Amino acid sequence: MSAPQRNHGELELGPWRSEEPPALEAFERQPRERDGPFRPRHAAHWDWAFRRNPAGTRLFLARRGGRVVARYGALPVRTRVLGETRTFANLIDSAVWPGEPENEAWLALAQAFLAAHGGGDGDLVHYGWPDEPDLALGKLHLEHELLRATSLLARDPGAGPLGLPDGVEELARFGPQADVLYACCATHWHASAIRDAAFLNWRFAEHPARRFRLLGVRGGDVLRGYAVYHFDPELCSGSGLLMDWLVLPGDEQASERLLEGVLACARADRAAGLAASFPEWSPWSLYFQERGFLHHPSEYLEVVRSSVPRFDMLWLRDNWWTTLADALIL
Amino acid sequence: MMSAPAYQIRAYQSGDEHGILEAFNRIFARVDPTFRPRTLAEWRWQYERNPSGRRIFLAVAEDGRILAQYAGIPQRVLLDGEPTFFSQSVDSMADPEFRRLAREPLFVQVGRAFDAGFGGVGPDRDTLMWGLPVPVAFRIGKKQLKYELVRQQHKLGAPLAGLAPAATALEAEELRAFPAEMDALSARTARERRGLAVRDRAQMSWRYEENPHHRYRLAAVRRAGELTGMAVYRKGSFDQVEDALLVDWLAPADDEGVRAALLAWVLACARAEGCARLTVLFPDTAPEWLAFQRLGFRVQASRYFLVAWSFSARHDLAWMRRHWYYTLGDTDLA
């Protein structure tokens, strides 16, 4: 890793390194910043995001006089693309402190980030749900393009049991069975975040700021499917969130049990609804619609930047399996 | 090595249609095995008889040959009650023989002239240019013109057997022609929808009754004698599937009786023509998006994606995403 660059007078740009202490001040909310869902406020959350992610660290900071004045970063995820392991990265809202020449600091930082992590040998895709300033700057300077206006599948949890149905168990962590389940499911997609135990445990079981409920259906020693549920009254108008869903297509019994399980979780939380997200081309989109879920539009615009032209917005639209789990900022 | 012939970029002039047709039929026949040559009558319908006007810019060689075209189908539009225009980009082409000989692609040069010639704000300009491009046109357009994604255009589809509109005392009446009251219905709907292409009798008659490509069926619903809803139906191909299409739909968003009566008529048409499924297109921000799902329609991916570029800071793409109402009938796909 190269030494921090000195640019623009005393503005110092460079990556945050794991041997440094957490720079929690980099995520203090600035006056013109939205209150986004990702804002580490303690060392454990920082470490989870920037030290312990199995896919690595992506955080650049601008400092002036030793004080953080801007940030640009992402949470990377190992992603299987046409059978090869590549990296996608979920961009975090960037921020520039008041009094800084906004575009200058932002652009310098973003370009330093791209120089380190973009390009053909770097991250294949950067993606995110930017706020308005990031959306405008990203389109203007970084070749960000809109992938979709995110829609959510949602329904009322309805009346019914509050406990998990027979055959559904609550998992403390994911084991090697998850690797096998993912390996079987991944052949249905040209691109998907690698949902092996290492990723799933980091993403959900070890998350220091959110509690996820991990539901599984087993058949003997085999994990037939899992669902991850989360409830935060501040998110999605108080709906429970089906964060992730992995079931072999055709395993109707496991699917039905897991869906009943997450509906029970939503009822137990008195959630206003249950919301999920799948690509519209996926058979799971139709499956959930057949069970009372409706496609609701949202105001969230997802952007992508691909470092290889072949994997552009249209390719990603048609080939990238995503769920709410891919919003690593949640 | 061949060099580019001398050419000029200019707006359409009377008489260009013969050269345009020759180039169009030659260029598209090369890339589309299902292509059927366009006739002069079809061209005149699309570009001379549209009550909303004509939008064509051309690259024309000294000898009169058409080297490239950027064209649009204009729509009179009301945005928050204020008149303006949109244009749907269609039939853009560049002669492959000369495509790469100019300093920059002819398609791009003509597209820029088109933007400058027609784009802008106000009652006489195109506030929005939009289209449902093929991937190759999108990839050029986003780099060299100003194409931006508005949304992935999903479709709503349902098996006829699974659809049962609510009971209503209202009944849709099938019509042979659009009535004069279409003007008032269009104006009333524009007040509800904020962004709507004018659907007055002149526009609807041109779009559907006089259409040289397809035969459409239309029906209206009245409340106390007043025209309150209208639907257009056709059996046809959309997104590589041949089935029943609800092509146009103009009804108050919260009037379930009108919706039920019109849908009952559409279903009867579709069943009579032996269709198995009904497909409809709405923006996902239109009230119909959820209302039709509640009736049994399911959201499905389509290969289409809506791109646009706005000339208005006030009515930017975010505004269009929220407030612009359109149907399949706004496009040239059905």
# chains A, B, ... in the order shown; residues from 1 in each chain; ligands from 1
$ interface_residues --of "chain A" --to "chain B" --cutoff "8 Å" --atoms "only C-alpha atoms" --output "NGL selection string"
:A and (145-149 or 280-281 or 286 or 289 or 294-297 or 314)
$ write_last_selection --atoms "N, CA, C and O atoms" --output "short mmCIF file (atom, residue, chain, number, x, y, z; two decimals), in the first residue's frame"
data_model
loop_
_atom_site.label_atom_id
_atom_site.label_comp_id
_atom_site.auth_asym_id
_atom_site.auth_seq_id
_atom_site.Cartn_x
_atom_site.Cartn_y
_atom_site.Cartn_z
N GLU A 145 -23.98 4.74 -13.11
CA GLU A 145 -25.22 4.76 -13.87
C GLU A 145 -26.31 4.07 -13.08
O GLU A 145 -26.04 3.16 -12.28
N LEU A 146 -27.52 4.52 -13.32
CA LEU A 146 -28.65 3.97 -12.59
C LEU A 146 -28.88 2.52 -13.02
O LEU A 146 -28.92 2.23 -14.22
N LEU A 147 -29.02 1.66 -12.03
CA LEU A 147 -29.35 0.26 -12.31
C LEU A 147 -30.85 0.07 -12.23
O LEU A 147 -31.46 -0.59 -13.06
N ARG A 148 -31.43 0.60 -11.20
CA ARG A 148 -32.88 0.44 -11.02
C ARG A 148 -33.37 1.37 -9.93
O ARG A 148 -32.58 1.83 -9.09
N ALA A 149 -34.66 1.65 -9.96
CA ALA A 149 -35.33 2.22 -8.79
C ALA A 149 -35.76 1.00 -7.99
O ALA A 149 -36.56 0.19 -8.45
N GLU A 280 -36.64 -9.12 -10.41
CA GLU A 280 -37.96 -9.43 -10.97
C GLU A 280 -37.93 -10.66 -11.86
O GLU A 280 -38.96 -11.30 -12.06
N TRP A 281 -36.76 -11.00 -12.41
CA TRP A 281 -36.67 -12.19 -13.27
C TRP A 281 -36.62 -13.48 -12.47
O TRP A 281 -36.75 -14.58 -13.02
N LEU A 286 -41.97 -14.29 -8.38
CA LEU A 286 -43.33 -14.79 -8.63
C LEU A 286 -43.84 -15.60 -7.43
O LEU A 286 -45.01 -15.48 -7.03
N GLN A 289 -45.05 -13.27 -4.85
CA GLN A 289 -46.29 -12.60 -5.27
C GLN A 289 -47.48 -13.55 -5.14
O GLN A 289 -48.58 -13.13 -4.76
N LEU A 294 -46.86 -7.82 -2.75
CA LEU A 294 -47.01 -6.92 -3.90
C LEU A 294 -45.70 -6.16 -4.10
O LEU A 294 -45.00 -5.84 -3.14
N HIS A 295 -45.43 -5.84 -5.36
CA HIS A 295 -44.25 -5.04 -5.68
C HIS A 295 -44.55 -3.56 -5.43
O HIS A 295 -45.40 -2.98 -6.10
N HIS A 296 -43.85 -2.98 -4.47
CA HIS A 296 -44.02 -1.56 -4.17
C HIS A 296 -42.80 -0.79 -4.66
O HIS A 296 -41.66 -1.20 -4.39
N PRO A 297 -43.01 0.34 -5.32
CA PRO A 297 -41.84 1.14 -5.71
C PRO A 297 -41.25 1.83 -4.49
O PRO A 297 -41.93 1.98 -3.48
N LEU A 314 -27.00 -3.29 -17.97
CA LEU A 314 -27.93 -4.25 -18.56
C LEU A 314 -27.56 -5.68 -18.19
O LEU A 314 -28.42 -6.52 -17.91
#
$ select_by_dssp --residues "region 38-155 of chain A" --states "alpha helix (DSSP H)" --output "PyMOL selection string"
chain A and resi 43-50+102-117+132-141
$ write_last_selection --atoms "N, CA and C atoms" --output "compact mmCIF listing (two decimals), in the first residue's frame"
# COMPACT_ATOMS: atom_id res chain seq x y z
N ALA A 43 -16.42 1.15 18.53
CA ALA A 43 -15.27 0.43 17.96
C ALA A 43 -15.67 -0.94 17.40
N ALA A 44 -16.62 -1.60 18.07
CA ALA A 44 -16.99 -2.94 17.60
C ALA A 44 -17.64 -2.86 16.21
N HIS A 45 -18.46 -1.85 16.02
CA HIS A 45 -19.10 -1.69 14.71
C HIS A 45 -18.05 -1.33 13.66
N TRP A 46 -17.13 -0.48 14.05
CA TRP A 46 -16.03 -0.09 13.13
C TRP A 46 -15.22 -1.33 12.72
N ASP A 47 -14.86 -2.11 13.72
CA ASP A 47 -14.04 -3.30 13.44
C ASP A 47 -14.78 -4.26 12.52
N TRP A 48 -16.07 -4.43 12.78
CA TRP A 48 -16.87 -5.32 11.93
C TRP A 48 -16.80 -4.85 10.48
N ALA A 49 -16.98 -3.55 10.28
CA ALA A 49 -17.06 -3.03 8.91
C ALA A 49 -15.70 -2.98 8.22
N PHE A 50 -14.66 -2.58 8.98
CA PHE A 50 -13.42 -2.22 8.30
C PHE A 50 -12.20 -3.09 8.67
N GLU A 102 -16.06 21.62 -1.51
CA GLU A 102 -16.79 20.36 -1.53
C GLU A 102 -16.40 19.45 -2.68
N ASN A 103 -16.56 19.96 -3.88
CA ASN A 103 -16.32 19.08 -5.02
C ASN A 103 -14.85 18.68 -5.12
N GLU A 104 -13.98 19.61 -4.74
CA GLU A 104 -12.55 19.35 -4.86
C GLU A 104 -12.14 18.20 -3.93
N ALA A 105 -12.53 18.29 -2.67
CA ALA A 105 -12.16 17.25 -1.72
C ALA A 105 -12.83 15.93 -2.09
N TRP A 106 -14.09 16.00 -2.46
CA TRP A 106 -14.84 14.79 -2.79
C TRP A 106 -14.22 14.10 -4.00
N LEU A 107 -13.96 14.91 -5.03
CA LEU A 107 -13.47 14.31 -6.26
C LEU A 107 -12.07 13.72 -6.07
N ALA A 108 -11.23 14.43 -5.34
CA ALA A 108 -9.87 13.92 -5.11
C ALA A 108 -9.93 12.60 -4.35
N LEU A 109 -10.81 12.55 -3.36
CA LEU A 109 -10.92 11.34 -2.55
C LEU A 109 -11.49 10.18 -3.38
N ALA A 110 -12.54 10.48 -4.14
CA ALA A 110 -13.17 9.44 -4.96
C ALA A 110 -12.19 8.91 -5.99
N GLN A 111 -11.39 9.81 -6.55
CA GLN A 111 -10.44 9.36 -7.58
C GLN A 111 -9.31 8.54 -6.95
N ALA A 112 -8.92 8.92 -5.74
CA ALA A 112 -7.90 8.12 -5.04
C ALA A 112 -8.45 6.73 -4.73
N PHE A 113 -9.71 6.69 -4.33
CA PHE A 113 -10.37 5.41 -4.03
C PHE A 113 -10.41 4.54 -5.28
N LEU A 114 -10.81 5.17 -6.39
CA LEU A 114 -10.91 4.41 -7.65
C LEU A 114 -9.54 3.94 -8.13
N ALA A 115 -8.53 4.79 -7.95
CA ALA A 115 -7.19 4.39 -8.38
C ALA A 115 -6.73 3.15 -7.61
N ALA A 116 -7.14 3.06 -6.34
CA ALA A 116 -6.73 1.92 -5.52
C ALA A 116 -7.58 0.69 -5.77
N HIS A 117 -8.87 0.89 -6.02
CA HIS A 117 -9.78 -0.26 -6.04
C HIS A 117 -10.56 -0.43 -7.34
N GLU A 132 -28.68 12.40 -2.81
CA GLU A 132 -28.73 13.21 -4.03
C GLU A 132 -27.38 13.78 -4.45
N PRO A 133 -26.60 14.34 -3.50
CA PRO A 133 -25.28 14.87 -3.95
C PRO A 133 -24.37 13.77 -4.50
N ASP A 134 -24.34 12.62 -3.85
CA ASP A 134 -23.49 11.53 -4.35
C ASP A 134 -23.98 11.04 -5.71
N LEU A 135 -25.30 11.00 -5.86
CA LEU A 135 -25.86 10.55 -7.14
C LEU A 135 -25.41 11.47 -8.27
N ALA A 136 -25.53 12.78 -8.03
CA ALA A 136 -25.17 13.74 -9.08
C ALA A 136 -23.68 13.70 -9.37
N LEU A 137 -22.86 13.70 -8.32
CA LEU A 137 -21.41 13.70 -8.53
C LEU A 137 -20.95 12.38 -9.15
N GLY A 138 -21.53 11.29 -8.71
CA GLY A 138 -21.14 9.99 -9.24
C GLY A 138 -21.43 9.89 -10.73
N LYS A 139 -22.59 10.40 -11.13
CA LYS A 139 -22.93 10.35 -12.55
C LYS A 139 -22.00 11.25 -13.36
N LEU A 140 -21.67 12.41 -12.78
CA LEU A 140 -20.87 13.38 -13.51
C LEU A 140 -19.41 12.96 -13.63
N HIS A 141 -18.86 12.43 -12.53
CA HIS A 141 -17.41 12.23 -12.50
C HIS A 141 -16.96 10.77 -12.51
$ residues_around --residues "Gln46 (chain B)" --least-positions-apart "5" --cutoff "12 Å" --atoms "only C-alpha atoms" --output "PyMOL selection string"
chain B and resi 17+38-41+51-56+71-74+90-91+203+206-208+210-213+332
$ write_last_selection --atoms "N, CA, C and O atoms" --output "compact mmCIF listing (two decimals), in the first residue's frame"
# COMPACT_ATOMS: atom_id res chain seq x y z
N GLU B 17 -38.82 12.33 -47.50
CA GLU B 17 -39.40 11.04 -47.08
C GLU B 17 -38.98 9.89 -48.01
O GLU B 17 -38.85 8.74 -47.55
N ARG B 38 -41.18 -0.68 -44.71
CA ARG B 38 -42.21 0.31 -44.41
C ARG B 38 -42.69 0.95 -45.71
O ARG B 38 -41.90 1.23 -46.61
N THR B 39 -43.97 1.19 -45.80
CA THR B 39 -44.51 1.81 -47.00
C THR B 39 -44.58 3.33 -46.82
O THR B 39 -44.53 3.82 -45.69
N LEU B 40 -44.75 4.02 -47.93
CA LEU B 40 -44.87 5.47 -47.85
C LEU B 40 -46.13 5.87 -47.07
O LEU B 40 -46.12 6.83 -46.29
N ALA B 41 -47.20 5.09 -47.22
CA ALA B 41 -48.44 5.39 -46.47
C ALA B 41 -48.20 5.26 -44.97
O ALA B 41 -48.68 6.10 -44.18
N PRO B 51 -51.26 14.41 -34.89
CA PRO B 51 -51.73 15.76 -34.51
C PRO B 51 -50.73 16.50 -33.62
O PRO B 51 -50.85 17.71 -33.46
N SER B 52 -49.78 15.78 -33.05
CA SER B 52 -48.78 16.45 -32.21
C SER B 52 -47.55 16.89 -33.00
O SER B 52 -46.65 17.51 -32.43
N GLY B 53 -47.50 16.57 -34.27
CA GLY B 53 -46.40 17.10 -35.10
C GLY B 53 -45.41 16.05 -35.54
O GLY B 53 -45.70 14.86 -35.55
N ARG B 54 -44.21 16.56 -35.92
CA ARG B 54 -43.17 15.69 -36.49
C ARG B 54 -41.82 16.09 -35.93
O ARG B 54 -41.56 17.27 -35.67
N ARG B 55 -40.93 15.13 -35.74
CA ARG B 55 -39.58 15.41 -35.23
C ARG B 55 -38.58 14.58 -36.03
O ARG B 55 -38.45 13.37 -35.82
N ILE B 56 -37.88 15.22 -36.94
CA ILE B 56 -36.86 14.48 -37.71
C ILE B 56 -35.66 15.39 -37.95
O ILE B 56 -35.81 16.54 -38.39
N ALA B 71 -35.01 10.58 -35.14
CA ALA B 71 -36.42 10.97 -35.28
C ALA B 71 -37.17 10.70 -33.99
O ALA B 71 -36.72 9.94 -33.13
N GLY B 72 -38.31 11.34 -33.87
CA GLY B 72 -39.13 11.14 -32.68
C GLY B 72 -40.61 11.23 -33.01
O GLY B 72 -41.00 11.82 -34.02
N ILE B 73 -41.40 10.60 -32.17
CA ILE B 73 -42.85 10.74 -32.25
C ILE B 73 -43.25 11.72 -31.15
O ILE B 73 -43.13 11.39 -29.96
N PRO B 74 -43.67 12.93 -31.54
CA PRO B 74 -43.99 13.90 -30.50
C PRO B 74 -45.34 13.62 -29.85
O PRO B 74 -46.22 12.99 -30.44
N VAL B 90 -37.48 7.28 -31.99
CA VAL B 90 -37.72 6.06 -32.76
C VAL B 90 -36.97 6.15 -34.09
O VAL B 90 -36.60 7.23 -34.53
N ASP B 91 -36.79 5.01 -34.72
CA ASP B 91 -36.32 4.94 -36.10
C ASP B 91 -34.95 5.59 -36.32
O ASP B 91 -34.63 6.01 -37.43
N GLN B 203 -55.86 12.93 -31.08
CA GLN B 203 -54.67 12.10 -30.85
C GLN B 203 -55.03 10.61 -30.85
O GLN B 203 -54.33 9.79 -31.44
N TRP B 206 -55.93 9.25 -34.32
CA TRP B 206 -54.71 9.02 -35.10
C TRP B 206 -53.97 7.77 -34.60
O TRP B 206 -53.61 6.90 -35.39
N ARG B 207 -53.82 7.69 -33.30
CA ARG B 207 -53.00 6.60 -32.74
C ARG B 207 -53.62 5.22 -32.99
O ARG B 207 -52.90 4.26 -33.27
N TYR B 208 -54.95 5.14 -32.86
CA TYR B 208 -55.58 3.82 -32.89
C TYR B 208 -56.47 3.59 -34.11
O TYR B 208 -56.32 2.59 -34.81
N GLU B 210 -56.70 5.17 -36.98
CA GLU B 210 -56.07 5.35 -38.30
C GLU B 210 -54.76 4.57 -38.41
O GLU B 210 -54.06 4.68 -39.41
N ASN B 211 -54.45 3.80 -37.38
CA ASN B 211 -53.16 3.09 -37.36
C ASN B 211 -53.08 2.09 -38.51
O ASN B 211 -53.94 1.22 -38.64
N PRO B 212 -52.05 2.19 -39.34
CA PRO B 212 -51.98 1.29 -40.50
C PRO B 212 -51.42 -0.10 -40.16
O PRO B 212 -51.45 -0.99 -41.01
N HIS B 213 -50.88 -0.25 -38.95
CA HIS B 213 -50.22 -1.52 -38.61
C HIS B 213 -51.15 -2.49 -37.90
O HIS B 213 -51.06 -3.69 -38.12
N ASP B 332 -44.30 2.88 -29.11
CA ASP B 332 -44.59 2.32 -30.44
C ASP B 332 -44.45 0.80 -30.42
O ASP B 332 -44.23 0.18 -31.45
$ residues_around --residues "Glu273 (chain B)" --least-positions-apart "3" --cutoff "10 Å" --atoms "only C-alpha atoms" --output "list in words"
Arg234, Lys235, Asp243, Ala244, Leu267, Ala268, Cys269, Ala270 and Ala276 of chain B
$ closest_residue --among "B:Arg217, B:Ala161, B:Ser89, B:Thr228" --to "Arg176 (chain B)" --atoms "only C-alpha atoms"
B:Arg217
$ residues_around --residues "Asp156 (chain A)" --least-positions-apart "5" --cutoff "9 Å" --atoms "only C-alpha atoms" --output "list in words"
Ser239, Leu263, Ala271, Ala272, Gly273, Leu274, Ala275, Gly292 and Phe293 of chain A
$ residues_around --residues "Val247 (chain B)" --least-positions-apart "2" --cutoff "7 Å" --atoms "only C-alpha atoms" --output "ChimeraX atom specification"
/B:232-234,245,249,280,327-329,334
$ residues_around --residues "region 115-129 of chain B" --least-positions-apart "4" --cutoff "10 Å" --atoms "only C-alpha atoms" --output "PyMOL selection string"
chain B and resi 10-11+55-57+70+72-79+82-89+110-111+145-147+307-317+320
